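Quick look at upload.pdb (PDB, C-alpha atoms):
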ATOM      1  CA  MET A 842      95.959  77.113  83.669  1.00  0.00           C
ATOM      2  CA  ASN A 843      97.379  80.577  83.114  1.00  0.00           C
ATOM      3  CA  GLU A 844      94.564  82.753  81.780  1.00  0.00           C
ATOM      4  CA  PRO A 845      95.452  86.339  80.802  1.00  0.00           C
ATOM      5  CA  HIS A 846      92.605  88.826  81.020  1.00  0.00           C
ATOM      6  CA  ASP A 847      92.692  92.119  79.156  1.00  0.00           C
ATOM      7  CA  GLU A 848      89.474  93.836  80.183  1.00  0.00           C
ATOM      8  CA  PRO A 849      89.272  97.581  79.561  1.00  0.00           C
ATOM      9  CA  PRO A 850      90.123  99.721  82.585  1.00  0.00           C
ATOM     10  CA  GLY A 851      87.279 100.507  84.993  1.00  0.00           C
ATOM     11  CA  PRO A 852      86.894 103.366  87.473  1.00  0.00           C
ATOM     12  CA  ALA A 853      90.586 103.471  88.412  1.00  0.00           C
ATOM     13  CA  GLY A 854      91.573 104.107  84.792  1.00  0.00           C
ATOM     14  CA  PRO A 855      95.258 103.998  83.871  1.00  0.00           C
ATOM     15  CA  GLN A 856      96.247 103.874  87.546  1.00  0.00           C
ATOM     16  CA  GLY A 857      94.853 100.349  87.918  1.00  0.00           C
ATOM     17  CA  LEU A 858      97.038  97.570  89.261  1.00  0.00           C
ATOM     18  CA  ARG A 859      98.443  94.599  87.365  1.00  0.00           C
ATOM     19  CA  VAL A 860      97.306  91.565  89.352  1.00  0.00           C
ATOM     20  CA  VAL A 861      98.299  87.907  89.383  1.00  0.00           C
ATOM     21  CA  LEU A 862      95.401  85.939  90.849  1.00  0.00           C
ATOM     22  CA  ALA A 863      95.663  82.393  92.247  1.00  0.00           C
ATOM     23  CA  GLU A 864      92.408  80.633  93.136  1.00  0.00           C
ATOM     24  CA  ASP A 865      91.509  77.044  92.245  1.00  0.00           C
ATOM     25  CA  GLY A 866      87.753  77.562  92.461  1.00  0.00           C
ATOM     26  CA  VAL A 867      86.668  78.508  88.936  1.00  0.00           C
ATOM     27  CA  LEU A 868      83.535  80.443  89.947  1.00  0.00           C
ATOM     28  CA  LEU A 869      85.304  82.450  92.647  1.00  0.00           C
ATOM     29  CA  ARG A 870      88.269  83.084  90.353  1.00  0.00           C
ATOM     30  CA  GLU A 871      86.015  84.478  87.628  1.00  0.00           C
ATOM     31  CA  GLY A 872      84.134  86.534  90.206  1.00  0.00           C
ATOM     32  CA  LEU A 873      87.384  88.033  91.504  1.00  0.00           C
ATOM     33  CA  ILE A 874      88.510  88.849  87.973  1.00  0.00           C
ATOM     34  CA  GLY A 875      85.285  90.743  87.392  1.00  0.00           C
ATOM     35  CA  LEU A 876      85.485  92.514  90.743  1.00  0.00           C
ATOM     36  CA  LEU A 877      89.090  93.605  90.268  1.00  0.00           C
ATOM     37  CA  SER A 878      88.303  94.789  86.734  1.00  0.00           C
ATOM     38  CA  ARG A 879      85.398  96.819  88.079  1.00  0.00           C
ATOM     39  CA  PHE A 880      87.879  98.867  90.096  1.00  0.00           C
ATOM     40  CA  GLY A 881      90.157  99.425  87.119  1.00  0.00           C
ATOM     41  CA  HIS A 882      92.694  96.693  87.836  1.00  0.00           C
ATOM     42  CA  ARG A 883      93.907  94.194  85.227  1.00  0.00           C
ATOM     43  CA  VAL A 884      94.324  90.515  86.009  1.00  0.00           C
ATOM     44  CA  VAL A 885      97.354  89.657  83.889  1.00  0.00           C
ATOM     45  CA  ALA A 886      97.220  85.972  84.904  1.00  0.00           C
ATOM     46  CA  ALA A 887      94.657  83.817  86.706  1.00  0.00           C
ATOM     47  CA  VAL A 888      95.935  80.429  87.869  1.00  0.00           C
ATOM     48  CA  GLY A 889      94.742  77.493  89.939  1.00  0.00           C
ATOM     49  CA  ASP A 890      97.816  76.066  91.704  1.00  0.00           C
ATOM     50  CA  ALA A 891     100.997  77.163  93.436  1.00  0.00           C
ATOM     51  CA  GLU A 892     103.381  76.055  90.679  1.00  0.00           C
ATOM     52  CA  ALA A 893     101.488  78.135  88.129  1.00  0.00           C
ATOM     53  CA  LEU A 894     101.493  81.049  90.565  1.00  0.00           C
ATOM     54  CA  HIS A 895     105.300  81.043  90.710  1.00  0.00           C
ATOM     55  CA  ALA A 896     105.498  80.942  86.920  1.00  0.00           C
ATOM     56  CA  ALA A 897     102.946  83.736  86.467  1.00  0.00           C
ATOM     57  CA  VAL A 898     104.748  86.082  88.871  1.00  0.00           C
ATOM     58  CA  ALA A 899     108.081  85.409  87.137  1.00  0.00           C
ATOM     59  CA  GLU A 900     106.510  86.133  83.750  1.00  0.00           C
ATOM     60  CA  HIS A 901     104.402  89.194  84.569  1.00  0.00           C
ATOM     61  CA  ALA A 902     106.134  90.939  87.550  1.00  0.00           C
ATOM     62  CA  PRO A 903     102.732  92.100  88.875  1.00  0.00           C
ATOM     63  CA  ASP A 904     101.949  95.033  91.163  1.00  0.00           C
ATOM     64  CA  ILE A 905     100.199  92.652  93.583  1.00  0.00           C
ATOM     65  CA  VAL A 906      99.490  88.947  94.065  1.00  0.00           C
ATOM     66  CA  VAL A 907      96.080  87.855  95.324  1.00  0.00           C
ATOM     67  CA  THR A 908      96.093  84.184  96.334  1.00  0.00           C
ATOM     68  CA  ASP A 909      94.059  81.586  98.146  1.00  0.00           C
ATOM     69  CA  VAL A 910      95.733  79.755 101.043  1.00  0.00           C
ATOM     70  CA  ARG A 911      94.632  76.250 100.062  1.00  0.00           C
ATOM     71  CA  MET A 912      95.345  75.071  96.534  1.00  0.00           C
ATOM     72  CA  PRO A 913      96.157  71.832  94.666  1.00  0.00           C
ATOM     73  CA  PRO A 914      97.651  69.361  94.945  1.00  0.00           C
ATOM     74  CA  GLY A 915      97.422  69.047  98.719  1.00  0.00           C
ATOM     75  CA  GLN A 916      94.684  71.603  99.483  1.00  0.00           C
ATOM     76  CA  THR A 917      96.537  72.614 102.658  1.00  0.00           C
ATOM     77  CA  ASP A 918      98.727  75.723 102.664  1.00  0.00           C
ATOM     78  CA  GLU A 919     100.282  75.651  99.181  1.00  0.00           C
ATOM     79  CA  GLY A 920      99.122  79.175  98.354  1.00  0.00           C
ATOM     80  CA  LEU A 921     100.488  80.606 101.570  1.00  0.00           C
ATOM     81  CA  ARG A 922     103.855  78.887 101.177  1.00  0.00           C
ATOM     82  CA  ALA A 923     104.050  80.166  97.615  1.00  0.00           C
ATOM     83  CA  ALA A 924     103.303  83.694  98.840  1.00  0.00           C
ATOM     84  CA  VAL A 925     106.026  83.546 101.496  1.00  0.00           C
ATOM     85  CA  ALA A 926     108.531  82.130  98.968  1.00  0.00           C
ATOM     86  CA  LEU A 927     107.659  84.832  96.427  1.00  0.00           C
ATOM     87  CA  ARG A 928     108.243  87.554  99.014  1.00  0.00           C
ATOM     88  CA  ALA A 929     111.561  85.970  99.972  1.00  0.00           C
ATOM     89  CA  ARG A 930     112.596  85.988  96.317  1.00  0.00           C
ATOM     90  CA  THR A 931     111.222  89.487  95.635  1.00  0.00           C
ATOM     91  CA  PRO A 932     111.283  91.501  98.878  1.00  0.00           C
ATOM     92  CA  GLY A 933     108.440  93.963  99.051  1.00  0.00           C
ATOM     93  CA  LEU A 934     106.206  92.115  96.577  1.00  0.00           C
ATOM     94  CA  PRO A 935     102.664  92.990  97.750  1.00  0.00           C
ATOM     95  CA  VAL A 936     100.629  89.874  98.556  1.00  0.00           C
ATOM     96  CA  LEU A 937      96.999  89.611  99.677  1.00  0.00           C
ATOM     97  CA  VAL A 938      96.104  86.135 100.948  1.00  0.00           C
ATOM     98  CA  LEU A 939      92.504  84.893 101.110  1.00  0.00           C
ATOM     99  CA  SER A 940      91.417  82.174 103.523  1.00  0.00           C
ATOM    100  CA  GLN A 941      88.167  80.331 104.198  1.00  0.00           C
ATOM    101  CA  TYR A 942      88.801  80.145 107.951  1.00  0.00           C
ATOM    102  CA  VAL A 943      90.815  81.952 110.607  1.00  0.00           C
ATOM    103  CA  GLN A 944      94.233  80.306 110.728  1.00  0.00           C
ATOM    104  CA  ARG A 945      96.445  82.105 113.229  1.00  0.00           C
ATOM    105  CA  SER A 946      99.653  80.428 112.053  1.00  0.00           C
ATOM    106  CA  TYR A 947      98.946  81.380 108.437  1.00  0.00           C
ATOM    107  CA  ALA A 948      98.508  85.050 109.307  1.00  0.00           C
ATOM    108  CA  ALA A 949     101.629  85.117 111.470  1.00  0.00           C
ATOM    109  CA  GLU A 950     103.810  83.367 108.866  1.00  0.00           C
ATOM    110  CA  LEU A 951     102.709  85.726 106.111  1.00  0.00           C
ATOM    111  CA  LEU A 952     103.208  88.818 108.238  1.00  0.00           C
ATOM    112  CA  ASP A 953     106.643  87.609 109.285  1.00  0.00           C
ATOM    113  CA  SER A 954     107.734  87.564 105.634  1.00  0.00           C
ATOM    114  CA  GLY A 955     109.854  90.578 104.782  1.00  0.00           C
ATOM    115  CA  ASP A 956     109.314  93.503 107.157  1.00  0.00           C
ATOM    116  CA  GLY A 957     105.553  92.978 107.409  1.00  0.00           C
ATOM    117  CA  SER A 958     104.656  95.698 104.914  1.00  0.00           C
ATOM    118  CA  GLY A 959     102.711  95.114 101.704  1.00  0.00           C
ATOM    119  CA  VAL A 960     100.842  92.082 103.049  1.00  0.00           C
ATOM    120  CA  GLY A 961      97.221  91.291 103.774  1.00  0.00           C
ATOM    121  CA  TYR A 962      95.218  88.406 105.215  1.00  0.00           C
ATOM    122  CA  LEU A 963      91.464  88.402 104.608  1.00  0.00           C
ATOM    123  CA  LEU A 964      88.712  85.878 105.074  1.00  0.00           C
ATOM    124  CA  LYS A 965      86.888  85.055 101.860  1.00  0.00           C
ATOM    125  CA  ASP A 966      83.623  86.299 103.354  1.00  0.00           C
ATOM    126  CA  ARG A 967      85.137  89.791 103.179  1.00  0.00           C
ATOM    127  CA  ILE A 968      85.092  89.672  99.363  1.00  0.00           C
ATOM    128  CA  GLY A 969      81.343  90.229  99.483  1.00  0.00           C
ATOM    129  CA  GLN A 970      81.963  93.608 101.082  1.00  0.00           C
ATOM    130  CA  VAL A 971      83.087  95.007  97.781  1.00  0.00           C
ATOM    131  CA  GLU A 972      84.373  98.432  98.794  1.00  0.00           C
ATOM    132  CA  GLU A 973      86.244  96.994 101.771  1.00  0.00           C
ATOM    133  CA  PHE A 974      87.873  94.322  99.638  1.00  0.00           C
ATOM    134  CA  ALA A 975      88.877  96.858  96.986  1.00  0.00           C
ATOM    135  CA  GLY A 976      90.320  99.089  99.699  1.00  0.00           C
ATOM    136  CA  ALA A 977      92.376  96.181 101.060  1.00  0.00           C
ATOM    137  CA  VAL A 978      93.805  95.459  97.603  1.00  0.00           C
ATOM    138  CA  ALA A 979      94.794  99.094  97.152  1.00  0.00           C
ATOM    139  CA  ALA A 980      96.245  99.368 100.672  1.00  0.00           C
ATOM    140  CA  VAL A 981      98.403  96.239 100.347  1.00  0.00           C
ATOM    141  CA  ALA A 982      99.641  97.284  96.903  1.00  0.00           C
ATOM    142  CA  ALA A 983     100.674 100.623  98.414  1.00  0.00           C
ATOM    143  CA  GLY A 984     102.761  98.862 101.092  1.00  0.00           C
ATOM    144  CA  GLY A 985     100.166  98.693 103.854  1.00  0.00           C
ATOM    145  CA  THR A 986      99.385  95.835 106.211  1.00  0.00           C
ATOM    146  CA  VAL A 987      95.763  94.657 106.259  1.00  0.00           C
ATOM    147  CA  VAL A 988      94.451  91.967 108.599  1.00  0.00           C
ATOM    148  CA  ASP A 989      90.866  90.739 108.649  1.00  0.00           C
ATOM    149  CA  PRO A 990      88.975  92.148 111.670  1.00  0.00           C
ATOM    150  CA  GLU A 991      87.757  88.648 112.601  1.00  0.00           C
ATOM    151  CA  VAL A 992      91.362  87.421 112.752  1.00  0.00           C
ATOM    152  CA  VAL A 993      92.201  90.358 114.991  1.00  0.00           C
ATOM    153  CA  ARG A 994      89.236  89.653 117.282  1.00  0.00           C
ATOM    154  CA  GLN A 995      90.070  85.969 117.640  1.00  0.00           C
ATOM    155  CA  LEU A 996      93.727  86.663 118.364  1.00  0.00           C
ATOM    156  CA  LEU A 997      92.778  89.267 120.920  1.00  0.00           C
ATOM    157  CA  ARG A 998      90.477  86.806 122.700  1.00  0.00           C
ATOM    158  CA  ARG A 999      92.977  83.956 122.729  1.00  0.00           C
ATOM    159  CA  ARG A1000      96.221  85.408 124.038  1.00  0.00           C
ATOM    160  CA  ARG A1001      97.286  88.775 125.318  1.00  0.00           C
ATOM    161  CA  ASP A1002     100.368  87.897 127.345  1.00  0.00           C
ATOM    162  CA  PRO A1003     102.911  90.102 125.516  1.00  0.00           C
ATOM    163  CA  LEU A1004     100.425  92.953 125.644  1.00  0.00           C
ATOM    164  CA  GLU A1005      99.744  92.922 129.386  1.00  0.00           C
ATOM    165  CA  ARG A1006     101.381  96.322 129.797  1.00  0.00           C
ATOM    166  CA  LEU A1007      98.775  97.935 127.571  1.00  0.00           C
ATOM    167  CA  THR A1008      95.567  99.440 128.905  1.00  0.00           C
ATOM    168  CA  PRO A1009      92.225  98.212 127.504  1.00  0.00           C
ATOM    169  CA  ARG A1010      91.964 101.376 125.390  1.00  0.00           C
ATOM    170  CA  GLU A1011      95.513 100.905 124.058  1.00  0.00           C
ATOM    171  CA  ARG A1012      94.614  97.317 123.093  1.00  0.00           C
ATOM    172  CA  GLU A1013      91.600  98.658 121.213  1.00  0.00           C
ATOM    173  CA  VAL A1014      93.795 101.121 119.345  1.00  0.00           C
ATOM    174  CA  LEU A1015      96.362  98.424 118.541  1.00  0.00           C
ATOM    175  CA  ALA A1016      93.618  96.084 117.264  1.00  0.00           C
ATOM    176  CA  LEU A1017      92.400  98.825 114.917  1.00  0.00           C
ATOM    177  CA  MET A1018      95.977  99.469 113.776  1.00  0.00           C
ATOM    178  CA  ALA A1019      96.220  95.757 112.955  1.00  0.00           C
ATOM    179  CA  GLN A1020      93.194  96.191 110.699  1.00  0.00           C
ATOM    180  CA  GLY A1021      95.129  98.799 108.722  1.00  0.00           C
ATOM    181  CA  ARG A1022      93.142 101.743 110.085  1.00  0.00           C
ATOM    182  CA  SER A1023      94.545 105.271 109.838  1.00  0.00           C
ATOM    183  CA  ASN A1024      94.640 107.585 112.849  1.00  0.00           C
ATOM    184  CA  ALA A1025      91.608 109.443 111.507  1.00  0.00           C
ATOM    185  CA  SER A1026      89.673 106.192 111.105  1.00  0.00           C
ATOM    186  CA  ILE A1027      90.575 105.127 114.661  1.00  0.00           C
ATOM    187  CA  CYS A1028      89.322 108.515 115.893  1.00  0.00           C
ATOM    188  CA  ARG A1029      85.961 107.946 114.246  1.00  0.00           C
ATOM    189  CA  GLU A1030      85.684 104.357 115.495  1.00  0.00           C
ATOM    190  CA  LEU A1031      86.460 105.196 119.134  1.00  0.00           C
ATOM    191  CA  VAL A1032      84.906 108.687 119.093  1.00  0.00           C
ATOM    192  CA  VAL A1033      88.019 110.376 120.468  1.00  0.00           C
ATOM    193  CA  SER A1034      90.264 113.185 119.280  1.00  0.00           C
ATOM    194  CA  GLU A1035      93.214 112.649 116.951  1.00  0.00           C
ATOM    195  CA  ALA A1036      95.495 113.928 119.702  1.00  0.00           C
ATOM    196  CA  ALA A1037      94.193 111.205 122.016  1.00  0.00           C
ATOM    197  CA  VAL A1038      94.816 108.532 119.384  1.00  0.00           C
ATOM    198  CA  GLY A1039      98.333 109.856 118.806  1.00  0.00           C
ATOM    199  CA  LYS A1040      99.008 109.670 122.542  1.00  0.00           C
ATOM    200  CA  HIS A1041      97.718 106.084 122.738  1.00  0.00           C
ATOM    201  CA  ILE A1042      99.897 105.026 119.798  1.00  0.00           C
ATOM    202  CA  GLY A1043     102.916 106.682 121.373  1.00  0.00           C
ATOM    203  CA  ASN A1044     102.264 104.768 124.600  1.00  0.00           C
ATOM    204  CA  ILE A1045     101.856 101.494 122.699  1.00  0.00           C
ATOM    205  CA  LEU A1046     105.148 101.904 120.858  1.00  0.00           C
ATOM    206  CA  MET A1047     106.908 102.788 124.103  1.00  0.00           C
ATOM    207  CA  LYS A1048     105.417  99.932 126.148  1.00  0.00           C
ATOM    208  CA  LEU A1049     106.259  97.326 123.510  1.00  0.00           C
ATOM    209  CA  ASP A1050     109.923  98.420 123.623  1.00  0.00           C
ATOM    210  CA  LEU A1051     110.167  98.691 119.855  1.00  0.00           C
ATOM    211  CA  PRO A1052     113.530  99.700 118.334  1.00  0.00           C
ATOM    212  CA  PRO A1053     113.970 103.277 117.070  1.00  0.00           C
ATOM    213  CA  ALA A1054     112.711 103.726 113.499  1.00  0.00           C
ATOM    214  CA  GLU A1055     110.320 105.791 111.451  1.00  0.00           C
ATOM    215  CA  GLU A1056     106.854 105.781 113.025  1.00  0.00           C
ATOM    216  CA  SER A1057     105.263 104.021 110.033  1.00  0.00           C
ATOM    217  CA  HIS A1058     107.695 101.104 110.402  1.00  0.00           C
ATOM    218  CA  ARG A1059     107.261 101.002 114.179  1.00  0.00           C
ATOM    219  CA  ARG A1060     103.493 100.752 113.641  1.00  0.00           C
ATOM    220  CA  VAL A1061     104.069  97.666 111.491  1.00  0.00           C
ATOM    221  CA  LEU A1062     106.306  96.178 114.189  1.00  0.00           C
ATOM    222  CA  ALA A1063     103.615  96.852 116.797  1.00  0.00           C
ATOM    223  CA  VAL A1064     101.026  95.064 114.673  1.00  0.00           C
ATOM    224  CA  LEU A1065     103.372  92.084 114.230  1.00  0.00           C
ATOM    225  CA  GLU A1066     103.882  91.943 117.994  1.00  0.00           C
ATOM    226  CA  PHE A1067     100.137  91.923 118.455  1.00  0.00           C
ATOM    227  CA  LEU A1068      99.617  89.106 115.957  1.00  0.00           C
ATOM    228  CA  ARG A1069     102.410  86.971 117.394  1.00  0.00           C
ATOM    229  CA  ALA A1070     100.947  87.259 120.897  1.00  0.00           C
TER     230      ALA A1070
END
Structure rendered as structure tokens:
Amino acid sequence: MNEPHDEPPGPAGPQGLRVVLAEDGVLLREGLIGLLSRFGHRVVAAVGDAEALHAAVAEHAPDIVVTDVRMPPGQTDEGLRAAVALRARTPGLPVLVLSQYVQRSYAAELLDSGDGSGVGYLLKDRIGQVEEFAGAVAAVAAGGTVVDPEVVRQLLRRRRDPLERLTPREREVLALMAQGRSNASICRELVVSEAAVGKHIGNILMKLDLPPAEESHRRVLAVLEFLRA
């Protein structure tokens, strides 16, 4: 069911985002509506299946889509497939996908849609970390790439073959980049200078043989390489 919500703006005021939300769990859906409203965003449609998600995006042209991976009727990957199809139809449409469990293929397929910008993949447990979740919504809507730290950790443990040329410290930096961290945030996490972080990122981009492009786009390509590994 398509449920428009017109709550008054919260802390973000008139700069809040127009959100289409897809989540079949009624309690979680209502909780997300309240949480997004708290940060000044407006849920213009809240739906419970992939077909309704397509219709809501066509009707409302939202600033961002927030969707569960598993939705009716099959409770498999309907939400993810809808997200990928929506981005194919509207390149650059920001999409934040929520998942109950780490699914490597889901993350990779989503991040392969478009050029990898304006996408996010979070575990549902992350919603409880309110500020972090709100930051992920804002980052994805602004064109960033946000990947749940647990997804990053599991991928890093499983396979590193394409990244063998990187040093352990460079892998750490790349893992933090995959979490959507800025250079300043990486500095604080690793307790190193910004110059050192810049040097590590330069080495990563060089060692992964990425094509010439603006640094911001090459960072996205590096993250995609990491997640495909």
Next on the checklist: Nearest residue to A:Glu1005 out of A:Arg930, A:Lys1048, A:Arg870, A:His895, using all atoms listed in the file?
Outcome noted: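 Distance minimum relative to A:Glu1005 lands on A:Lys1048.
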Next on the checklist: Applying the PyMOL selection byres ((chain A and resi 916) around 12) to the file I just gave you, which residues come out? Please list them as number ranges by chain.
Outcome noted: A: 864-866, 889-891, 909-915, 917-922, 940-941
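Between atom CA of A:Ala923 and atom CA of A:Asp953 lies a distance of 14.1 Å.
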Next on the checklist: Please report the interatomic distance between atom CA of A:Ala902 and atom CA of A:Ala929 in Å with one decimal.
Outcome noted: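 Separation between atom CA of A:Ala902 and atom CA of A:Ala929: 14.4 Å.
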Checklist entry - How many Å lie between atom CA of A:Asp989 and atom CA of A:Tyr962, rounded to one decimal? => result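 Taking atom CA of A:Asp989 as the start and atom CA of A:Tyr962 as the end point, the length is 6.0 Å.
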Item to check | Test item: the PyMOL selection byres ((chain A and resi 1010) around 12) resolved as a PyMOL selection string | outcome: chain A and resi 1004+1006-1009+1011-1017+1027+1031-1033+1037-1038+1040-1042+1044-1045
Item to check | Contact residues around A:Ser958 with only C-alpha atoms at 7 Å, ignoring same-chain residues under 6 positions, as a ChimeraX atom specification | outcome: /A:984-986,1061
Checklist entry - Nearest to A:Ala893 among A:Leu877, A:Val936, A:Thr908, A:Gly957, with distances taken over all atoms listed in the file: which residue is it? => result A:Thr908
Box dimensions and centre (Å, one decimal) enclosing stretch 908-921 of chain A, axis-aligned, 8 Å extra per side, as JSON:
{"center_x": 97.3, "center_y": 76.6, "center_z": 98.7, "size_x": 22.4, "size_y": 31.1, "size_z": 24.0}
Checklist entry - Could you spell out the hits of the PyMOL selection byres ((chain A and resi 932) around 10) on the shown file, as JSON, numbers by chain? => result {"A": [925, 926, 927, 928, 929, 930, 931, 933, 934, 935, 954, 955, 956, 958, 959]}
Item to check | Closest of A:Leu1062, A:Leu951, A:Leu876, A:Leu869 to A:Val978 - atom-to-atom distances counting all atoms listed in the file | outcome: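 Of the candidates, the smallest distance to A:Val978 is held by A:Leu876.
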Checklist entry - Of the candidates A:Val885, A:Leu1065, A:Leu937, A:Val993, which shows the shortest atom-to-atom distance to A:Gly976, using only C-alpha atoms? => result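 Residue with the minimum atom-to-atom distance to A:Gly976: A:Leu937.
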